[in-house]
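> See data_28.txt below, with compact mmCIF, C-alpha atoms.
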# COMPACT_ATOMS: atom_id res chain seq x y z
CA MET A 164 -149.05 -96.01 5.40
CA ARG A 165 -152.32 -94.22 5.98
CA MET A 166 -155.67 -94.81 4.28
CA SER A 167 -158.72 -92.72 4.89
CA ASP A 168 -162.21 -92.21 3.62
CA SER A 169 -163.31 -88.66 4.31
CA ALA A 170 -166.93 -89.37 3.35
CA SER A 171 -167.24 -92.07 5.97
CA TYR A 172 -164.96 -90.81 8.72
CA LEU A 173 -162.61 -93.79 8.84
CA GLN A 174 -158.84 -93.57 9.04
CA ILE A 175 -156.51 -96.56 8.99
CA ASP A 176 -152.80 -96.57 9.81
CA LEU A 177 -150.50 -99.50 9.14
CA ASP A 178 -147.76 -100.25 11.63
CA ASP A 179 -145.68 -102.68 9.59
CA GLY A 180 -142.90 -103.04 12.11
CA PRO A 181 -142.55 -106.42 13.75
CA ASP A 182 -144.78 -109.25 12.54
CA PRO A 183 -147.72 -109.54 13.23
CA VAL A 184 -148.43 -106.30 11.47
CA ARG A 185 -150.88 -103.95 13.11
CA LEU A 186 -153.69 -101.99 11.49
CA ILE A 187 -154.94 -99.12 13.63
CA ALA A 188 -158.43 -97.94 12.70
CA ARG A 189 -160.08 -94.75 13.90
CA GLY A 190 -163.63 -93.61 13.29
CA GLU A 191 -166.68 -95.47 12.05
CA ILE A 192 -166.82 -98.72 10.09
CA ASP A 193 -170.03 -98.97 8.10
CA ALA A 194 -171.11 -99.89 4.58
CA ALA A 195 -169.46 -96.74 3.22
CA SER A 196 -166.08 -97.38 4.80
CA ALA A 197 -165.93 -101.19 4.88
CA GLU A 198 -164.26 -101.33 1.47
CA THR A 199 -161.44 -99.08 2.72
CA LEU A 200 -160.94 -101.47 5.63
CA GLU A 201 -161.10 -104.49 3.31
CA VAL A 202 -158.37 -103.10 1.03
CA ALA A 203 -156.16 -102.32 4.03
CA VAL A 204 -156.70 -105.75 5.58
CA VAL A 205 -156.00 -107.65 2.36
CA GLY A 206 -152.80 -105.67 1.85
CA ALA A 207 -151.68 -106.16 5.43
CA GLN A 208 -152.29 -109.91 5.38
CA GLU A 209 -150.16 -110.44 2.28
CA GLY A 210 -146.95 -112.11 3.34
CA ALA A 211 -147.49 -111.43 7.04
CA LYS A 212 -147.45 -114.11 9.72
CA GLY A 213 -150.33 -112.41 11.41
CA LEU A 214 -152.48 -109.33 11.60
CA THR A 215 -153.70 -107.40 14.59
CA LEU A 216 -156.67 -105.10 14.08
CA ASP A 217 -156.53 -102.31 16.64
CA LEU A 218 -160.12 -101.12 17.10
CA ALA A 219 -159.63 -99.06 20.27
CA ALA A 220 -160.55 -95.83 18.48
CA VAL A 221 -163.40 -97.24 16.41
CA THR A 222 -166.65 -95.79 17.70
CA PHE A 223 -169.06 -97.66 15.45
CA ILE A 224 -169.11 -100.96 13.58
CA ASP A 225 -171.96 -102.61 11.71
CA SER A 226 -172.53 -105.85 9.81
CA SER A 227 -170.50 -104.56 6.84
CA GLY A 228 -167.44 -104.28 9.08
CA LEU A 229 -168.13 -107.69 10.56
CA ARG A 230 -168.19 -109.21 7.08
CA VAL A 231 -164.70 -107.77 6.48
CA ILE A 232 -163.50 -109.36 9.72
CA ALA A 233 -165.17 -112.69 8.86
CA THR A 234 -163.50 -112.73 5.44
CA ALA A 235 -160.15 -111.79 6.97
CA LEU A 236 -160.50 -114.61 9.49
CA GLN A 237 -161.25 -117.10 6.73
CA ARG A 238 -158.24 -115.83 4.76
CA ALA A 239 -156.00 -116.15 7.83
CA GLU A 240 -157.16 -119.73 8.39
CA GLU A 241 -156.44 -120.60 4.75
CA GLN A 242 -152.98 -119.01 4.99
CA GLY A 243 -152.21 -120.55 8.36
CA THR A 244 -151.73 -117.09 9.88
CA GLU A 245 -153.27 -115.40 12.88
CA LEU A 246 -155.88 -112.67 13.13
CA THR A 247 -156.50 -110.85 16.39
CA ILE A 248 -158.48 -107.81 17.46
CA ALA A 249 -156.83 -105.52 19.99
CA SER A 250 -158.50 -103.32 22.57
CA PRO A 251 -161.91 -102.82 20.96
CA SER A 252 -163.91 -99.89 22.26
CA ASP A 253 -166.98 -100.75 24.33
CA PRO A 254 -169.52 -100.32 21.47
CA VAL A 255 -167.38 -102.47 19.17
CA ARG A 256 -166.78 -105.12 21.84
CA ARG A 257 -170.52 -105.44 22.40
CA ILE A 258 -171.15 -106.10 18.69
CA LEU A 259 -168.23 -108.57 18.53
CA ASP A 260 -169.67 -110.38 21.54
CA VAL A 261 -173.19 -110.78 20.13
CA THR A 262 -171.93 -111.97 16.74
CA GLY A 263 -169.43 -114.52 18.02
CA PHE A 264 -166.14 -112.76 17.30
CA SER A 265 -165.06 -112.20 20.88
CA ASP A 266 -162.58 -115.10 20.70
CA LEU A 267 -160.42 -112.90 18.45
CA ILE A 268 -160.04 -110.21 21.11
CA ARG A 269 -156.68 -109.76 22.81
CA PRO A 270 -155.82 -107.13 25.43
CA MET B 50 -207.92 -85.25 35.96
CA PRO B 51 -206.48 -88.24 34.08
CA THR B 52 -203.10 -87.81 32.43
CA MET B 53 -203.28 -88.24 28.69
CA THR B 54 -200.36 -89.68 26.76
CA PRO B 55 -199.46 -87.28 23.96
CA PRO B 56 -199.58 -88.70 20.44
CA PRO B 57 -196.20 -89.61 18.98
CA SER B 58 -194.40 -87.08 16.84
CA THR B 59 -193.69 -88.43 13.38
CA VAL B 60 -190.52 -87.52 11.55
CA SER B 61 -189.85 -88.50 7.93
CA ILE B 62 -186.42 -88.90 6.37
CA THR B 63 -185.82 -89.79 2.72
CA VAL B 64 -182.30 -90.40 1.47
CA PRO B 65 -180.82 -91.69 -1.77
CA ALA B 66 -180.08 -95.41 -1.75
CA ASP B 67 -176.41 -94.73 -1.25
CA VAL B 68 -174.33 -96.07 1.64
CA ARG B 69 -172.74 -92.63 2.13
CA TYR B 70 -176.04 -91.38 3.54
CA PHE B 71 -176.24 -94.02 6.27
CA ARG B 72 -174.28 -91.85 8.69
CA THR B 73 -176.68 -88.96 8.14
CA VAL B 74 -179.63 -91.20 8.96
CA ARG B 75 -177.84 -92.53 12.06
CA LEU B 76 -177.11 -89.02 13.29
CA ALA B 77 -180.68 -87.80 12.71
CA ILE B 78 -182.33 -90.75 14.43
CA GLY B 79 -179.73 -90.69 17.22
CA GLY B 80 -180.78 -87.09 17.86
CA LEU B 81 -184.41 -88.13 18.01
CA ALA B 82 -183.55 -90.92 20.42
CA SER B 83 -181.93 -88.37 22.71
CA LEU B 84 -185.08 -86.25 22.55
CA VAL B 85 -187.21 -89.25 23.50
CA GLY B 86 -185.11 -89.81 26.61
CA PHE B 87 -182.87 -92.78 25.86
CA ASP B 88 -179.53 -93.04 27.62
CA VAL B 89 -176.25 -93.05 25.71
CA GLU B 90 -176.00 -96.83 25.43
CA ALA B 91 -179.56 -97.15 24.13
CA MET B 92 -178.90 -94.37 21.64
CA GLU B 93 -175.92 -96.36 20.35
CA ASP B 94 -178.16 -99.40 20.03
CA ILE B 95 -180.73 -97.44 18.05
CA ARG B 96 -178.06 -95.97 15.79
CA ILE B 97 -176.72 -99.39 14.87
CA GLY B 98 -180.23 -100.82 14.49
CA VAL B 99 -181.11 -98.06 12.04
CA ASP B 100 -177.87 -98.67 10.18
CA GLU B 101 -178.78 -102.34 9.76
CA LEU B 102 -182.21 -101.37 8.44
CA CYS B 103 -180.48 -99.04 5.95
CA THR B 104 -178.17 -101.83 4.80
CA ALA B 105 -181.00 -104.29 4.23
CA LEU B 106 -183.29 -101.79 2.49
CA VAL B 107 -180.58 -100.53 0.16
CA GLU B 108 -179.28 -103.99 -0.72
CA ALA B 109 -182.78 -105.35 -1.39
CA GLY B 110 -184.01 -102.17 -3.07
CA ASP B 111 -183.96 -100.93 -6.64
CA GLY B 112 -181.40 -98.18 -6.01
CA SER B 113 -183.83 -95.28 -5.96
CA SER B 114 -184.34 -94.04 -2.39
CA VAL B 115 -185.07 -95.16 1.15
CA ARG B 116 -187.80 -93.54 3.21
CA PHE B 117 -188.02 -93.66 7.00
CA GLU B 118 -190.97 -92.77 9.20
CA ILE B 119 -190.03 -92.43 12.85
CA ALA B 120 -192.73 -92.29 15.49
CA ALA B 121 -191.13 -90.67 18.53
CA ASN B 122 -193.10 -90.94 21.73
CA LEU B 123 -191.37 -88.68 24.24
CA GLY B 124 -190.45 -90.57 27.38
CA GLU B 125 -191.84 -93.79 25.91
CA GLY B 126 -189.96 -95.00 22.87
CA LEU B 127 -189.40 -95.10 19.14
CA ARG B 128 -190.80 -97.04 16.23
CA ILE B 129 -188.77 -96.73 13.05
CA GLU B 130 -190.20 -97.91 9.74
CA GLY B 131 -188.17 -97.95 6.54
CA ARG B 132 -189.20 -98.71 2.98
CA SER B 133 -187.46 -99.05 -0.35
CA THR B 134 -188.77 -100.05 -3.77
CA ARG B 135 -188.04 -103.72 -4.32
CA GLY B 136 -185.14 -104.51 -6.59
CA ALA B 137 -185.19 -107.12 -9.34
CA GLU B 138 -182.43 -109.29 -7.89
CA PRO B 139 -183.13 -111.54 -4.89
CA VAL B 140 -180.80 -111.05 -1.94
CA ASP B 141 -179.12 -114.00 -0.26
CA PRO B 142 -180.60 -114.17 3.28
CA GLU B 143 -177.20 -115.35 4.57
CA ARG B 144 -175.90 -111.88 3.75
CA PHE B 145 -178.08 -110.53 6.56
CA ARG B 146 -177.03 -113.06 9.20
CA PHE B 147 -174.98 -110.50 11.14
CA SER B 148 -177.69 -107.86 10.72
CA ARG B 149 -180.27 -110.12 12.30
CA GLN B 150 -177.93 -111.03 15.15
CA ILE B 151 -177.33 -107.36 15.85
CA LEU B 152 -180.98 -106.33 15.55
CA SER B 153 -182.07 -109.09 17.92
CA VAL B 154 -179.94 -107.46 20.62
CA VAL B 155 -180.32 -103.75 19.97
CA ALA B 156 -184.09 -103.65 19.29
CA ASP B 157 -187.00 -104.75 21.45
CA ASP B 158 -188.59 -106.04 18.26
CA TYR B 159 -187.84 -105.81 14.55
CA GLY B 160 -188.95 -107.28 11.27
CA PHE B 161 -188.70 -107.30 7.50
CA GLU B 162 -191.39 -107.83 4.90
CA THR B 163 -191.15 -108.03 1.14
CA SER B 164 -194.04 -107.51 -1.25
CA ASP B 165 -194.11 -107.32 -5.05
CA GLU B 166 -193.42 -103.60 -4.94
CA ALA B 167 -191.55 -102.81 -1.73
CA VAL B 168 -189.19 -103.95 0.98
CA ASP B 169 -190.13 -102.87 4.49
CA GLY B 170 -188.05 -103.02 7.65
CA TRP B 171 -188.90 -101.78 11.11
CA LEU B 172 -187.68 -101.77 14.67
CA GLU B 173 -189.03 -100.72 18.03
CA ARG B 174 -187.29 -99.73 21.22
CA SER B 175 -188.90 -98.51 24.41
CA VAL B 176 -187.31 -96.41 27.12
CA ALA B 177 -188.66 -98.85 29.70
CA SER B 178 -186.65 -101.74 28.24
CA GLU B 179 -183.36 -100.14 29.31
CA GLN B 180 -184.62 -99.94 32.87
CA ALA B 181 -185.72 -103.59 32.98
Could you show the structure in this file as C-alpha cells?


Amino acid sequence: MRMSDSASYLQIDLDDGPDPVRLIARGEIDAASAETLEVAVVGAQEGAKGLTLDLAAVTFIDSSGLRVIATALQRAEEQGTELTIASPSDPVRRILDVTGFSDLIRP
Amino acid sequence: MPTMTPPPSTVSITVPADVRYFRTVRLAIGGLASLVGFDVEAMEDIRIGVDELCTALVEAGDGSSVRFEIAANLGEGLRIEGRSTRGAEPVDPERFRFSRQILSVVADDYGFETSDEAVDGWLERSVASEQA
C-alpha cells in the first residue's frame, strides 16, 4: 500500500509482511502532511502487534509530525503493542532527541 | 578608515494562512539563510524554526494571512518576525509544547506575543553562534 501527498512531498509505503508492520516514509513531515502520516499510522496499528516507523528517508519533521508520533505511542501503550522508529535521518534524529523521543529509536 | 557594518536587508513574505504554504516559506527563508552565510546544519535549524513560527501563527490566527519580515545581515545573522491577525478562539498552550522545545534548540532567541489584534512570533539566529 502506498499513500502520498503531492502538495506536501510525503510518501508512505506499508510493508505489512511479518509483524511488527513497517511504515516507510519518504519526504517531509509537516503540518500539511501530518494527517497523511496519521491515517497511515492508525491503519497500520490496527490489529498489529507492533509498528516500526522507518524515517531514514525523511528529511524534515516538525511539531506536527511529533504530535502524530506522540499519539501513536499513546495508542500503542493502550493496546499493549510496541512502537519503534527505525534509522531516522540526522535532521529527524536531532528533533527526536531534543523532544524526548529518542528512546523509540532502533537501529 | 573604520569598517562600517552594512544595514540589514529586509525581505517580506506574505502567505495565506494555509499549512500548504509552510514549505514555500521554509524554502524562501532557507535560501536567505544561505545568502547570510549559515552552514547546512544551521540552515536546517532556521527552516524548522520558521516552520514552528508558521504553525503557531496560523493556529492562533484568524485564518487570513501570515506576514514575515526577515532582516538578513550578511555574515552576521537573521531576525525573522511573523504576524497574523488574532483569531477568536484561544489556543491551548500545551499544543505548542513541542514547538517551544524545538525553538529553544534551533534559535538563539525566540518569542511570542499576543495583543488584542495580532499574534507575533519571532526568532533570531547569528552566524557566530554556530562557531561557538

> For a quick check of understanding, using all atoms listed in the file, which of B:Ala177, B:Met92, B:Leu127, B:Ile97 has the smallest distance to Ala194 of chain A?

B:Ile97

> Just the number, please: distance in Å from atom CA of Gln174 of chain A to atom CA of Ala207 of chain A, one decimal.

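Value for the atom CA of Gln174 of chain A-atom CA of Ala207 of chain A distance: 14.9 Å.
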
> Would you work out the distance separating atom CA of Arg116 of chain B from atom CA of Glu93 of chain B, expressed in Å to one decimal?

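We find that atom CA of Arg116 of chain B and atom CA of Glu93 of chain B lie 21.0 Å from each other.
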
> Select, from B:Arg149, B:Arg96, B:Arg144, B:Arg132, the residue with the minimum atom-to-atom distance to Arg174 of chain B, counting all atoms listed in the file.

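Distance minimum relative to Arg174 of chain B lands on B:Arg96.
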
> Would you please work out which residue, of A:Leu186, A:Val205, A:Thr234, A:Lys212, is nearest to Ile248 of chain A when using only C-alpha atoms?

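Nearest to Ile248 of chain A: A:Leu186.
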
> Please find the residues of chain A near chain B - the criterion being any atom within 9 Å, counting all atoms listed in the file - and write them as an mmCIF file with C-alpha atoms, in the coordinates of the input.


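What follows is the written file part04.cif:
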data_model
loop_
_atom_site.group_PDB
_atom_site.id
_atom_site.type_symbol
_atom_site.label_atom_id
_atom_site.label_comp_id
_atom_site.auth_asym_id
_atom_site.auth_seq_id
_atom_site.Cartn_x
_atom_site.Cartn_y
_atom_site.Cartn_z
ATOM 1 C CA ALA A 170 -166.930 -89.370 3.350
ATOM 2 C CA SER A 171 -167.240 -92.070 5.970
ATOM 3 C CA ASP A 193 -170.030 -98.970 8.100
ATOM 4 C CA ALA A 194 -171.110 -99.890 4.580
ATOM 5 C CA ALA A 195 -169.460 -96.740 3.220
ATOM 6 C CA SER A 196 -166.080 -97.380 4.800
ATOM 7 C CA PHE A 223 -169.060 -97.660 15.450
ATOM 8 C CA ILE A 224 -169.110 -100.960 13.580
ATOM 9 C CA ASP A 225 -171.960 -102.610 11.710
ATOM 10 C CA SER A 226 -172.530 -105.850 9.810
ATOM 11 C CA SER A 227 -170.500 -104.560 6.840
ATOM 12 C CA LEU A 229 -168.130 -107.690 10.560
ATOM 13 C CA ARG A 230 -168.190 -109.210 7.080
ATOM 14 C CA PRO A 254 -169.520 -100.320 21.470
ATOM 15 C CA ILE A 258 -171.150 -106.100 18.690
ATOM 16 C CA VAL A 261 -173.190 -110.780 20.130
ATOM 17 C CA THR A 262 -171.930 -111.970 16.740
#

> Mind pulling up the distance from atom CA of Asp182 of chain A to atom CA of Gly213 of chain A?

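Between atom CA of Gly213 of chain A and atom CA of Asp182 of chain A the gap is 6.5 Å.
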
> Go through A:Gly190, A:Gly243, A:Gly206, A:Pro251 and flag the residue nearest Leu267 of chain A, using only C-alpha atoms for the distances.

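Checking each candidate against Leu267 of chain A, we get A:Pro251 as the closest.
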
> Residues within 12 Å of Leu123 of chain B, please, as a list in words. Count all atoms listed in the file; anything in the same chain fewer than 3 positions from it doesn't count.

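Surrounding residues, per the criterion: Thr54, Pro55, Pro56, Pro57, Ser58, Thr59, Leu81, Ala82, Ser83, Leu84, Val85, Gly86, Phe87, Ala120, Gly126, Leu127, Arg128, Ser175, Val176 and Ala177 of chain B.
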
> Keeping N, CA, C and O atoms (and nothing else), can you write segment 203-216 of chain A of this structure as an mmCIF file, in the first residue's frame?


data_model
loop_
_atom_site.group_PDB
_atom_site.id
_atom_site.type_symbol
_atom_site.label_atom_id
_atom_site.label_comp_id
_atom_site.auth_asym_id
_atom_site.auth_seq_id
_atom_site.Cartn_x
_atom_site.Cartn_y
_atom_site.Cartn_z
ATOM 1 N N ALA A 203 -2.105 6.777 7.970
ATOM 2 C CA ALA A 203 -1.317 5.569 7.714
ATOM 3 C C ALA A 203 -0.962 4.856 9.019
ATOM 4 O O ALA A 203 -1.029 3.627 9.106
ATOM 5 N N VAL A 204 -0.611 5.633 10.027
ATOM 6 C CA VAL A 204 -0.211 5.044 11.316
ATOM 7 C C VAL A 204 -1.406 4.356 11.985
ATOM 8 O O VAL A 204 -1.292 3.220 12.479
ATOM 9 N N VAL A 205 -2.536 5.035 12.001
ATOM 10 C CA VAL A 205 -3.731 4.447 12.624
ATOM 11 C C VAL A 205 -4.087 3.131 11.936
ATOM 12 O O VAL A 205 -4.352 2.116 12.592
ATOM 13 N N GLY A 206 -4.058 3.139 10.612
ATOM 14 C CA GLY A 206 -4.370 1.920 9.860
ATOM 15 C C GLY A 206 -3.378 0.809 10.138
ATOM 16 O O GLY A 206 -3.753 -0.354 10.305
ATOM 17 N N ALA A 207 -2.114 1.172 10.228
ATOM 18 C CA ALA A 207 -1.075 0.160 10.431
ATOM 19 C C ALA A 207 -1.128 -0.431 11.835
ATOM 20 O O ALA A 207 -0.780 -1.603 12.030
ATOM 21 N N GLN A 208 -1.549 0.371 12.805
ATOM 22 C CA GLN A 208 -1.571 -0.123 14.186
ATOM 23 C C GLN A 208 -2.760 -1.039 14.454
ATOM 24 O O GLN A 208 -2.727 -1.805 15.422
ATOM 25 N N GLU A 209 -3.775 -0.972 13.613
ATOM 26 C CA GLU A 209 -4.966 -1.787 13.835
ATOM 27 C C GLU A 209 -4.634 -3.269 13.701
ATOM 28 O O GLU A 209 -4.238 -3.739 12.621
ATOM 29 N N GLY A 210 -4.778 -3.978 14.774
ATOM 30 C CA GLY A 210 -4.584 -5.426 14.740
ATOM 31 C C GLY A 210 -3.141 -5.887 14.694
ATOM 32 O O GLY A 210 -2.875 -7.085 14.651
ATOM 33 N N ALA A 211 -2.198 -4.953 14.684
ATOM 34 C CA ALA A 211 -0.787 -5.346 14.621
ATOM 35 C C ALA A 211 -0.212 -5.457 16.033
ATOM 36 O O ALA A 211 -0.647 -4.762 16.950
ATOM 37 N N LYS A 212 0.791 -6.330 16.170
ATOM 38 C CA LYS A 212 1.455 -6.444 17.472
ATOM 39 C C LYS A 212 2.399 -5.274 17.708
ATOM 40 O O LYS A 212 2.753 -4.944 18.841
ATOM 41 N N GLY A 213 2.818 -4.693 16.609
ATOM 42 C CA GLY A 213 3.732 -3.562 16.735
ATOM 43 C C GLY A 213 3.879 -2.833 15.424
ATOM 44 O O GLY A 213 3.477 -3.327 14.370
ATOM 45 N N LEU A 214 4.433 -1.623 15.531
ATOM 46 C CA LEU A 214 4.633 -0.809 14.336
ATOM 47 C C LEU A 214 6.033 -0.212 14.376
ATOM 48 O O LEU A 214 6.469 0.326 15.398
ATOM 49 N N THR A 215 6.716 -0.340 13.257
ATOM 50 C CA THR A 215 8.005 0.328 13.101
ATOM 51 C C THR A 215 7.850 1.442 12.074
ATOM 52 O O THR A 215 7.378 1.211 10.957
ATOM 53 N N LEU A 216 8.230 2.643 12.492
ATOM 54 C CA LEU A 216 8.222 3.788 11.578
ATOM 55 C C LEU A 216 9.635 3.964 11.042
ATOM 56 O O LEU A 216 10.552 4.286 11.800
#
